[in-house]
file entry.cif (mmCIF, C-alpha atoms and all ligand atoms)
data_start
loop_
_atom_site.label_atom_id
_atom_site.label_comp_id
_atom_site.auth_asym_id
_atom_site.auth_seq_id
_atom_site.Cartn_x
_atom_site.Cartn_y
_atom_site.Cartn_z
CA MET A 20 -7.67 -0.29 20.14
CA SER A 21 -5.70 -3.48 19.79
CA VAL A 22 -1.96 -3.29 20.46
CA GLN A 23 0.22 -4.81 17.76
CA ILE A 24 3.88 -5.81 17.87
CA GLY A 25 4.84 -6.91 14.37
CA ASN A 26 1.99 -9.24 13.49
CA ILE A 27 1.36 -10.23 17.11
CA ASP A 28 -2.02 -8.96 18.23
CA LEU A 29 -2.05 -8.36 21.99
CA GLY A 30 -5.61 -7.09 22.28
CA ASP A 31 -6.68 -3.94 24.05
CA PHE A 32 -4.37 -2.76 26.85
CA PRO A 33 -2.24 -5.87 27.32
CA LEU A 34 -0.78 -6.88 30.67
CA LEU A 35 2.79 -8.13 30.43
CA LEU A 36 4.62 -10.37 32.84
CA ALA A 37 8.00 -8.82 33.65
CA PRO A 38 11.18 -10.76 33.02
CA MET A 39 12.51 -11.72 36.46
CA GLU A 40 15.68 -13.65 37.06
CA ASP A 41 15.11 -16.87 39.01
CA VAL A 42 11.36 -16.25 38.95
CA SER A 43 9.90 -16.05 35.44
CA ASP A 44 10.81 -19.53 34.30
CA PRO A 45 8.38 -21.78 32.36
CA PRO A 46 6.53 -23.16 35.47
CA PHE A 47 5.87 -19.66 36.79
CA ARG A 48 4.95 -18.43 33.34
CA TYR A 49 2.42 -21.26 33.07
CA VAL A 50 0.44 -20.06 36.09
CA CYS A 51 0.66 -16.42 34.98
CA LYS A 52 -0.61 -17.32 31.53
CA GLN A 53 -3.51 -19.25 33.05
CA ASN A 54 -4.42 -16.13 34.96
CA GLY A 55 -4.39 -13.70 32.09
CA ALA A 56 -0.86 -12.49 31.26
CA ASP A 57 -1.01 -11.34 27.62
CA LEU A 58 2.71 -11.25 26.84
CA MET A 59 5.52 -12.84 28.80
CA TYR A 60 9.29 -12.75 28.75
CA THR A 61 11.99 -15.15 29.78
CA GLU A 62 14.43 -14.23 32.53
CA PHE A 63 17.32 -12.24 31.09
CA ILE A 64 19.87 -14.39 29.33
CA SER A 65 23.53 -13.52 29.05
CA SER A 66 24.74 -13.19 25.46
CA GLU A 67 28.15 -14.40 26.59
CA GLY A 68 26.56 -17.47 28.18
CA LEU A 69 24.64 -18.29 25.01
CA ILE A 70 27.72 -18.05 22.87
CA ARG A 71 29.76 -20.19 25.28
CA ASP A 72 26.87 -22.66 25.19
CA ALA A 73 26.62 -22.48 28.99
CA ALA A 74 23.98 -24.91 30.23
CA LYS A 75 22.30 -22.35 32.49
CA SER A 76 21.82 -19.86 29.67
CA ARG A 77 20.71 -22.54 27.21
CA GLN A 78 18.07 -23.84 29.59
CA LYS A 79 16.54 -20.38 29.81
CA LEU A 80 15.77 -20.63 26.08
CA ASP A 81 13.18 -23.35 26.77
CA ILE A 82 9.78 -22.16 25.74
CA PHE A 83 6.50 -24.03 25.38
CA GLU A 84 3.61 -23.63 22.96
CA TYR A 85 1.16 -22.66 25.71
CA GLU A 86 3.22 -19.59 26.53
CA ARG A 87 2.85 -17.79 23.25
CA PRO A 88 3.31 -14.97 22.61
CA ILE A 89 6.64 -15.02 24.41
CA GLY A 90 9.80 -12.96 24.13
CA ILE A 91 13.35 -14.02 24.91
CA GLN A 92 15.28 -11.33 26.73
CA ILE A 93 19.03 -11.03 26.26
CA PHE A 94 21.69 -8.71 27.63
CA GLY A 95 25.33 -8.05 26.97
CA SER A 96 28.00 -5.42 26.53
CA ASP A 97 29.56 -6.49 23.24
CA ILE A 98 27.68 -5.67 20.07
CA GLU A 99 29.03 -8.56 18.00
CA HIS A 100 28.21 -11.01 20.79
CA MET A 101 24.71 -9.60 21.09
CA ARG A 102 24.25 -10.14 17.36
CA GLU A 103 25.38 -13.75 17.66
CA ALA A 104 23.22 -14.32 20.74
CA THR A 105 20.22 -12.95 18.86
CA GLU A 106 20.70 -15.57 16.16
CA ILE A 107 20.98 -18.34 18.76
CA ALA A 108 17.89 -17.14 20.64
CA THR A 109 15.88 -16.67 17.45
CA ALA A 110 16.54 -20.31 16.59
CA ALA A 111 14.78 -21.28 19.84
CA GLY A 112 11.52 -20.07 18.24
CA PRO A 113 10.17 -17.22 20.40
CA ASP A 114 7.63 -14.73 19.05
CA LEU A 115 9.88 -11.77 19.69
CA MET A 116 13.29 -10.73 20.98
CA ASP A 117 13.82 -8.30 23.83
CA ILE A 118 16.93 -6.41 24.89
CA ASN A 119 17.59 -5.60 28.52
CA TYR A 120 18.86 -2.07 29.08
CA GLY A 121 17.55 -1.94 32.62
CA CYS A 122 19.58 -4.31 34.79
CA PRO A 123 21.09 -2.16 37.56
CA VAL A 124 23.39 -4.80 39.03
CA LYS A 125 27.13 -4.34 38.79
CA ASN A 126 28.27 -7.96 38.84
CA VAL A 127 30.50 -9.49 36.22
CA ALA A 128 27.66 -10.52 33.93
CA CYS A 129 26.13 -7.05 33.89
CA ARG A 130 29.32 -5.03 33.61
CA GLY A 131 28.88 -2.69 30.67
CA ALA A 132 25.50 -4.28 29.93
CA GLY A 133 21.91 -3.66 31.05
CA ALA A 134 21.35 -0.14 32.37
CA SER A 135 25.02 0.76 31.84
CA LEU A 136 24.18 1.35 28.20
CA LEU A 137 22.07 4.33 29.31
CA GLN A 138 25.42 6.10 29.76
CA ASP A 139 26.37 5.50 26.14
CA ILE A 140 23.35 5.99 23.92
CA ASP A 141 25.35 5.78 20.69
CA LYS A 142 26.50 2.30 21.64
CA MET A 143 22.98 1.36 22.73
CA VAL A 144 21.62 2.44 19.36
CA ALA A 145 24.33 0.53 17.49
CA MET A 146 23.68 -2.58 19.59
CA THR A 147 19.93 -2.37 19.05
CA SER A 148 20.39 -1.92 15.33
CA ALA A 149 22.63 -4.99 15.21
CA VAL A 150 20.03 -7.06 17.07
CA VAL A 151 17.19 -5.85 14.82
CA LYS A 152 19.21 -6.84 11.74
CA ALA A 153 20.11 -10.24 13.17
CA THR A 154 16.57 -11.54 13.49
CA HIS A 155 13.38 -11.76 11.45
CA LEU A 156 11.38 -11.36 14.69
CA PRO A 157 10.11 -8.09 16.16
CA VAL A 158 12.53 -6.62 18.69
CA THR A 159 11.39 -4.89 21.88
CA VAL A 160 13.42 -3.12 24.55
CA LYS A 161 13.11 -2.78 28.31
CA THR A 162 14.88 0.06 30.04
CA ARG A 163 14.77 2.62 32.84
CA LEU A 164 14.32 6.41 32.99
CA GLY A 165 18.05 7.00 32.76
CA TRP A 166 21.24 6.49 34.73
CA ASP A 167 20.50 8.87 37.59
CA ASP A 168 18.44 11.94 38.48
CA ASN A 169 20.64 14.21 36.37
CA THR A 170 20.58 12.06 33.26
CA LYS A 171 17.02 10.93 32.66
CA ASN A 172 17.55 10.42 28.95
CA VAL A 173 14.86 7.87 28.09
CA TYR A 174 12.93 10.42 25.98
CA GLU A 175 15.82 10.59 23.54
CA VAL A 176 16.45 6.85 23.89
CA ALA A 177 12.85 6.11 22.87
CA GLU A 178 13.10 8.14 19.66
CA ARG A 179 16.48 6.80 18.66
CA LEU A 180 15.62 3.16 19.33
CA GLN A 181 12.37 3.51 17.40
CA ASP A 182 14.39 4.93 14.51
CA VAL A 183 16.54 1.79 14.35
CA GLY A 184 13.52 -0.47 14.32
CA ILE A 185 12.36 -1.57 17.77
CA GLN A 186 8.66 -2.34 17.84
CA ALA A 187 7.75 -1.67 21.47
CA LEU A 188 9.39 -0.13 24.52
CA THR A 189 8.83 -0.94 28.18
CA ILE A 190 10.03 1.66 30.66
CA HIS A 191 10.55 1.00 34.37
CA GLY A 192 9.88 4.30 36.10
CA ARG A 193 13.12 4.39 38.03
CA THR A 194 16.70 5.38 37.27
CA ARG A 195 19.63 2.99 37.52
CA ALA A 196 20.78 4.84 40.64
CA GLN A 197 17.45 4.14 42.33
CA MET A 198 17.81 0.39 41.90
CA TYR A 199 14.44 -0.67 43.33
CA LYS A 200 14.17 2.07 45.96
CA GLY A 201 11.72 4.94 46.15
CA VAL A 202 8.52 5.12 44.19
CA ALA A 203 8.32 4.54 40.44
CA ASP A 204 7.62 7.79 38.58
CA TRP A 205 5.71 7.38 35.35
CA THR A 206 5.65 11.10 34.41
CA LEU A 207 8.36 10.75 31.83
CA ILE A 208 6.76 7.58 30.46
CA HIS A 209 3.63 9.68 29.90
CA GLN A 210 5.63 12.36 28.07
CA ILE A 211 7.12 9.75 25.77
CA ARG A 212 3.69 8.31 25.09
CA LYS A 213 2.49 11.81 24.16
CA ASN A 214 5.49 12.50 21.89
CA PRO A 215 3.98 12.73 18.39
CA ARG A 216 7.17 11.19 16.97
CA ILE A 217 6.60 7.96 18.88
CA LYS A 218 4.53 5.40 16.98
CA ILE A 219 5.45 2.18 18.81
CA PRO A 220 3.55 0.88 21.86
CA ILE A 221 4.89 2.21 25.17
CA PHE A 222 4.41 -0.02 28.20
CA GLY A 223 4.69 1.30 31.73
CA ASN A 224 6.40 -0.67 34.45
CA GLY A 225 7.09 -0.25 38.13
CA ASP A 226 5.04 -0.62 41.30
CA ILE A 227 1.73 -1.84 39.87
CA ASP A 228 0.44 -3.88 42.78
CA SER A 229 -3.35 -3.53 42.76
CA PRO A 230 -6.22 -3.25 40.29
CA GLN A 231 -7.05 0.24 41.56
CA LYS A 232 -3.52 1.50 40.96
CA ALA A 233 -3.48 -0.12 37.52
CA ALA A 234 -6.74 1.64 36.59
CA GLU A 235 -5.59 4.96 38.01
CA TRP A 236 -2.21 4.90 36.29
CA ARG A 237 -3.74 3.72 33.04
CA MET A 238 -5.89 6.86 33.00
CA GLN A 239 -3.19 9.17 34.28
CA TYR A 240 -0.26 8.05 32.13
CA GLU A 241 -2.10 6.85 28.99
CA VAL A 242 0.32 3.99 28.30
CA ASP A 243 -0.52 1.23 25.80
CA GLY A 244 -0.23 -1.52 28.38
CA MET A 245 1.48 -2.39 31.64
CA MET A 246 4.16 -4.78 32.75
CA ILE A 247 3.82 -6.36 36.18
CA GLY A 248 6.68 -8.00 38.07
CA ARG A 249 6.87 -8.37 41.82
CA ALA A 250 3.12 -8.24 42.40
CA ALA A 251 2.78 -11.46 40.38
CA ILE A 252 5.26 -13.41 42.49
CA GLY A 253 3.14 -15.87 44.47
CA TYR A 254 0.09 -14.00 43.18
CA PRO A 255 -0.48 -14.69 39.47
CA TRP A 256 -4.14 -13.74 40.05
CA ILE A 257 -3.09 -10.08 39.79
CA PHE A 258 -3.57 -10.28 36.00
CA ARG A 259 -7.15 -11.50 36.12
CA GLU A 260 -7.97 -9.13 38.99
CA VAL A 261 -6.71 -6.11 37.06
CA LYS A 262 -8.62 -7.18 33.95
CA HIS A 263 -11.81 -7.72 35.90
CA TYR A 264 -11.48 -4.31 37.51
CA PHE A 265 -10.91 -2.62 34.16
CA LYS A 266 -14.02 -4.27 32.79
CA THR A 267 -16.41 -3.87 35.71
CA GLY A 268 -14.92 -1.32 38.11
CA GLU A 269 -15.29 -3.94 40.80
CA MET A 270 -12.80 -6.05 42.71
CA LEU A 271 -12.78 -9.74 41.95
CA ALA A 272 -12.92 -11.88 45.09
CA PRO A 273 -9.41 -12.97 46.05
CA PRO A 274 -8.47 -16.62 45.47
CA THR A 275 -9.72 -19.07 48.07
CA ILE A 276 -7.29 -21.26 49.97
CA ALA A 277 -8.24 -24.16 47.71
CA GLU A 278 -7.36 -22.07 44.67
CA ARG A 279 -4.06 -20.94 46.12
CA VAL A 280 -3.16 -24.54 46.87
CA ASP A 281 -4.23 -25.66 43.39
CA VAL A 282 -2.12 -23.09 41.62
CA CYS A 283 0.85 -23.74 43.90
CA ARG A 284 0.54 -27.47 43.14
CA THR A 285 0.31 -26.81 39.40
CA HIS A 286 3.44 -24.66 39.66
CA LEU A 287 5.20 -27.52 41.43
CA GLU A 288 4.02 -30.09 38.86
CA LYS A 289 5.25 -27.92 36.00
CA SER A 290 8.53 -27.38 37.78
CA ILE A 291 9.03 -31.13 38.15
CA ALA A 292 7.96 -31.81 34.57
CA TRP A 293 10.49 -29.26 33.31
CA LYS A 294 13.49 -29.85 35.54
CA GLY A 295 12.93 -33.32 36.95
CA PRO A 296 11.94 -34.12 40.55
CA LYS A 297 15.14 -33.17 42.32
CA THR A 298 15.73 -29.71 40.87
CA GLY A 299 12.01 -29.09 40.32
CA ILE A 300 11.22 -29.64 44.00
CA PHE A 301 14.28 -27.69 45.14
CA GLU A 302 13.53 -24.65 42.99
CA MET A 303 9.92 -24.57 44.10
CA ARG A 304 10.94 -24.06 47.72
CA ARG A 305 11.42 -20.34 47.31
CA HIS A 306 7.80 -19.89 46.22
CA TYR A 307 5.76 -21.37 49.10
CA SER A 308 5.83 -18.37 51.42
CA ASN A 309 4.75 -16.14 48.53
CA TYR A 310 1.71 -18.27 47.66
CA PHE A 311 0.51 -18.28 51.25
CA LYS A 312 1.45 -14.77 52.32
CA GLY A 313 -0.71 -13.40 55.07
CA LEU A 314 -1.87 -16.73 56.51
CA ASP A 315 -1.50 -16.92 60.29
CA HIS A 316 1.23 -19.27 61.46
CA PHE A 317 1.97 -20.49 57.95
CA LYS A 318 5.62 -20.75 58.93
CA GLU A 319 4.98 -24.17 60.45
CA TYR A 320 3.75 -25.55 57.12
CA ARG A 321 6.44 -23.75 55.20
CA MET A 322 9.13 -25.45 57.29
CA LYS A 323 7.63 -28.80 56.31
CA LEU A 324 7.23 -27.89 52.66
CA VAL A 325 10.84 -26.84 52.25
CA VAL A 326 12.25 -30.09 53.59
CA ALA A 327 9.85 -32.47 51.86
CA ASP A 328 11.61 -34.12 48.96
CA THR A 329 8.93 -35.99 47.05
CA PHE A 330 5.85 -34.74 45.24
CA GLU A 331 3.66 -37.03 47.38
CA GLN A 332 4.94 -35.56 50.64
CA ILE A 333 4.42 -32.02 49.42
CA ASP A 334 0.98 -32.85 48.08
CA GLU A 335 0.02 -34.27 51.48
CA ILE A 336 1.17 -31.09 53.26
CA LEU A 337 -0.72 -28.97 50.73
CA HIS A 338 -3.89 -30.96 51.50
CA ARG A 339 -3.42 -30.20 55.16
CA VAL A 340 -2.95 -26.51 54.36
CA THR A 341 -6.29 -26.52 52.49
CA GLU A 342 -8.08 -28.23 55.37
CA HIS A 343 -6.55 -26.13 58.10
CA TYR A 344 -7.03 -22.72 56.52
CA SER A 345 -10.38 -23.41 54.83
CA GLU A 346 -11.80 -24.23 58.26
CA GLN A 347 -10.17 -21.21 59.78
CA MET A 348 -11.59 -18.92 57.14
CA ALA A 349 -15.06 -20.47 56.92
C1 LIG B 1 13.68 -10.90 41.38
C2 LIG B 1 13.73 -9.95 40.22
C3 LIG B 1 14.42 -10.30 39.08
C4 LIG B 1 14.44 -9.44 37.97
N1 LIG B 1 15.06 -9.83 36.82
C5 LIG B 1 14.94 -9.05 35.70
C6 LIG B 1 15.39 -9.53 34.43
O1 LIG B 1 15.90 -10.66 34.30
N2 LIG B 1 15.25 -8.69 33.37
C7 LIG B 1 14.66 -7.44 33.46
O2 LIG B 1 14.54 -6.73 32.46
N3 LIG B 1 14.23 -6.99 34.64
C8 LIG B 1 14.32 -7.77 35.75
N4 LIG B 1 13.79 -7.34 36.93
C9 LIG B 1 13.04 -6.05 36.95
C10 LIG B 1 11.55 -6.29 36.66
O3 LIG B 1 11.36 -6.80 35.37
C11 LIG B 1 10.73 -4.98 36.82
O4 LIG B 1 11.22 -4.03 35.92
C12 LIG B 1 10.80 -4.41 38.22
O5 LIG B 1 10.64 -5.41 39.20
C13 LIG B 1 9.75 -3.30 38.43
O6 LIG B 1 8.45 -3.81 38.21
P1 LIG B 1 7.49 -4.24 39.44
O7 LIG B 1 7.40 -3.05 40.37
O8 LIG B 1 6.17 -4.56 38.79
O9 LIG B 1 8.12 -5.40 40.10
C14 LIG B 1 13.79 -8.17 38.04
C15 LIG B 1 13.12 -7.81 39.23
C16 LIG B 1 13.08 -8.68 40.30
C17 LIG B 1 12.33 -8.27 41.54
#
call {"tool": "encode", "arguments": {"input": "entry.cif", "output": "structure tokens", "more": "lines below"}}
Ligand SMILES: Cc1cc2nc3c(=O)[nH]c(=O)nc-3n(C[C@H](O)[C@H](O)[C@H](O)COP(=O)(O)O)c2cc1C
result
Amino acid sequence: MSVQIGNIDLGDFPLLLAPMEDVSDPPFRYVCKQNGADLMYTEFISSEGLIRDAAKSRQKLDIFEYERPIGIQIFGSDIEHMREATEIATAAGPDLMDINYGCPVKNVACRGAGASLLQDIDKMVAMTSAVVKATHLPVTVKTRLGWDDNTKNVYEVAERLQDVGIQALTIHGRTRAQMYKGVADWTLIHQIRKNPRIKIPIFGNGDIDSPQKAAEWRMQYEVDGMMIGRAAIGYPWIFREVKHYFKTGEMLAPPTIAERVDVCRTHLEKSIAWKGPKTGIFEMRRHYSNYFKGLDHFKEYRMKLVVADTFEQIDEILHRVTEHYSEQMA
């Protein structure tokens, strides 16, 4: 059965790209979309930053036609500011708005925001209601199981947020206290999905890193779709591999070296097109080791890639990577 959010049709069992700070920007989203991501989100954007008109927050509002459907994710601790930020983000023309109630970090930006709201559900509900009223777009929420092991309150959160009008909920199967440690536990996500009161799509998130696990957890936890984060970093093929496995029960061959190089180059080109050569090349540096994970002695090439400062130089090194490793693997 097709999954709907508002009038957005996501098809059967959509795969979502997780919002990831400093990772899920438009160049990265481009390569994920090419490889089958059905719904994507921006990195989280500070409501305070948007209101102050901070350049960094504003830039994160950039979205492109090829990305649709796309959601803008915002976070904040002040309800009135979240309302204002929703209006600003809505004007940027996304397909939906998402609220972050999952960020576990305690820095200035996240103080009282993100997962902190799991300690004050009444405020979370009031904030969500304000956001829903401030936009004509569907609103979704991303959160965690609860604050810590003793307060896993997402079951109640799901019902109350649905009641104030959210149209889908993604749950990361960890508590705030777990940060990213331990193993994600989707048991509670399953219970929410089985709650007869819940009518909105429930997406599972946390630790999906292979087609087999995706298929197993799909069966076991009966979610409406899955959100994938870390496994897509440097490996956007995860989306097409999971889809292929769902359809055929067989593993798609992994990308060849030539394909890895091609996608890495596309990512670089999009990065330059979006941010200009200087910043585009600089920001791409953090991605090379991810694209070529597992290749023997790749470090030598990586060292060259991260000091090269023109597209031509990088392209030349990438050609050498293709030659070197294609021969090695032939
Ligand atoms: C580098 C990084 C940045 C992240 N930034 C965000 C963010 O901006 N908003 C958000 O809701 N979650 C953020 N997350 C959490 C992910 O969206 C996701 O919930 C988490 O990584 C678990 O999914 P995974 O096991 O598939 O990676 C971030 C995670 C990572 C690793």
call {"tool": "atom_distance", "arguments": {"input": "entry.cif", "atom1": "atom C2 of ligand LIG 1 (chain B)", "atom2": "CA of Lys218 (chain A)"}}
result
29.3 Å
call {"tool": "residues_near_point", "arguments": {"input": "entry.cif", "point": "(0.6, -21.2, 41.3)", "cutoff": "8 Å", "atoms": "all atoms listed in the file", "output": "number ranges by chain"}}
result
A: 47, 50-51, 253-255, 279-287, 310
call {"tool": "atom_distance", "arguments": {"input": "entry.cif", "atom1": "CA of Ala196 (chain A)", "atom2": "CA of Asp167 (chain A)"}}
result
5.1 Å
call {"tool": "residues_near_ligand", "arguments": {"input": "entry.cif", "ligand": "ligand LIG 1 (chain B)", "cutoff": "10 Å", "atoms": "only C-alpha atoms and all ligand atoms", "output": "PyMOL selection string"}}
result
chain A and resi 35-43+60-65+92-94+117-124+133-134+160-163+189-193+198-199+202-203+223-228+245-252
call {"tool": "atom_distance", "arguments": {"input": "entry.cif", "atom1": "CA of Arg71 (chain A)", "atom2": "CA of Gly131 (chain A)"}}
result
18.3 Å
call {"tool": "closest_atom_pairs", "arguments": {"input": "entry.cif", "of": "region 45-123 of chain A", "to": "region 141-151 of chain A", "cutoff": "7 Å", "atoms": "all atoms listed in the file", "output": "Markdown table"}}
result
| residue | atom | partner | partner_atom | distance |
| --- | --- | --- | --- | --- |
| A:Ile98 | CA | A:Met146 | CA | 5.1 |
| A:Met101 | CA | A:Val150 | CA | 6.7 |
| A:Arg102 | CA | A:Val150 | CA | 5.2 |
| A:Thr105 | CA | A:Val150 | CA | 6.2 |
call {"tool": "closest_residue", "arguments": {"input": "entry.cif", "among": "A:Ile217, A:Ala327, A:Leu80, A:Ala292", "to": "Arg304 (chain A)", "atoms": "all atoms listed in the file"}}
result
A:Ala327
call {"tool": "residues_around", "arguments": {"input": "entry.cif", "residues": "Glu84 (chain A)", "least_positions_apart": "5", "cutoff": "12 Å", "atoms": "all atoms listed in the file", "output": "PDB file with C-alpha atoms, in the frame of the given file"}}
result
ATOM      1  CA  PRO A  45       8.380 -21.780  32.360  1.00  0.00           C
ATOM      2  CA  ARG A  48       4.950 -18.430  33.340  1.00  0.00           C
ATOM      3  CA  TYR A  49       2.420 -21.260  33.070  1.00  0.00           C
ATOM      4  CA  LYS A  52      -0.610 -17.320  31.530  1.00  0.00           C
ATOM      5  CA  ILE A  89       6.640 -15.020  24.410  1.00  0.00           C
ATOM      6  CA  ALA A 111      14.780 -21.280  19.840  1.00  0.00           C
ATOM      7  CA  GLY A 112      11.520 -20.070  18.240  1.00  0.00           C
ATOM      8  CA  PRO A 113      10.170 -17.220  20.400  1.00  0.00           C
ATOM      9  CA  ASP A 114       7.630 -14.730  19.050  1.00  0.00           C
TER      10      ASP A 114
END
call {"tool": "closest_residue", "arguments": {"input": "entry.cif", "among": "A:Gly165, A:Pro215, A:Pro46, A:Gly268", "to": "Glu235 (chain A)", "atoms": "all atoms listed in the file"}}
result
A:Gly268
call {"tool": "closest_atom_pairs", "arguments": {"input": "entry.cif", "of": "region 135-247 of chain A", "to": "region 271-276 of chain A", "cutoff": "12 Å", "atoms": "only C-alpha atoms", "output": "JSON lines"}}
result
{"residue": "A:Ser229", "atom": "CA", "partner": "A:Leu271", "partner_atom": "CA", "distance": 11.3}
{"residue": "A:Pro230", "atom": "CA", "partner": "A:Leu271", "partner_atom": "CA", "distance": 9.4}
{"residue": "A:Gln231", "atom": "CA", "partner": "A:Leu271", "partner_atom": "CA", "distance": 11.5}
call {"tool": "residues_near_point", "arguments": {"input": "entry.cif", "point": "(-3.1, -1.7, 31.2)", "cutoff": "6 Å", "atoms": "all atoms listed in the file", "output": "list in words"}}
result
Phe32, Pro33, Leu34, Arg237, Gly244 and Met245 of chain A
call {"tool": "closest_residue", "arguments": {"input": "entry.cif", "among": "A:Asn54, A:Thr329, A:Asn126, A:Gln197", "to": "Ile291 (chain A)", "atoms": "all atoms listed in the file"}}
result
A:Thr329
call {"tool": "residues_around", "arguments": {"input": "entry.cif", "residues": "Gln239 (chain A)", "least_positions_apart": "2", "cutoff": "12 Å", "atoms": "all atoms listed in the file", "output": "short mmCIF file (atom, residue, chain, number, x, y, z; two decimals) with C-alpha atoms, keeping the file's coordinate frame"}}
result
data_model
loop_
_atom_site.label_atom_id
_atom_site.label_comp_id
_atom_site.auth_asym_id
_atom_site.auth_seq_id
_atom_site.Cartn_x
_atom_site.Cartn_y
_atom_site.Cartn_z
CA ASP A 204 7.62 7.79 38.58
CA TRP A 205 5.71 7.38 35.35
CA THR A 206 5.65 11.10 34.41
CA LEU A 207 8.36 10.75 31.83
CA ILE A 208 6.76 7.58 30.46
CA HIS A 209 3.63 9.68 29.90
CA GLN A 210 5.63 12.36 28.07
CA ARG A 212 3.69 8.31 25.09
CA LYS A 213 2.49 11.81 24.16
CA GLY A 223 4.69 1.30 31.73
CA LYS A 232 -3.52 1.50 40.96
CA ALA A 233 -3.48 -0.12 37.52
CA ALA A 234 -6.74 1.64 36.59
CA GLU A 235 -5.59 4.96 38.01
CA TRP A 236 -2.21 4.90 36.29
CA ARG A 237 -3.74 3.72 33.04
CA GLU A 241 -2.10 6.85 28.99
CA VAL A 242 0.32 3.99 28.30
CA ASP A 243 -0.52 1.23 25.80
#
call {"tool": "closest_residue", "arguments": {"input": "entry.cif", "among": "A:Asp139, A:Ala108, A:Phe330, A:Ile82", "to": "Lys297 (chain A)", "atoms": "only C-alpha atoms"}}
result
A:Phe330
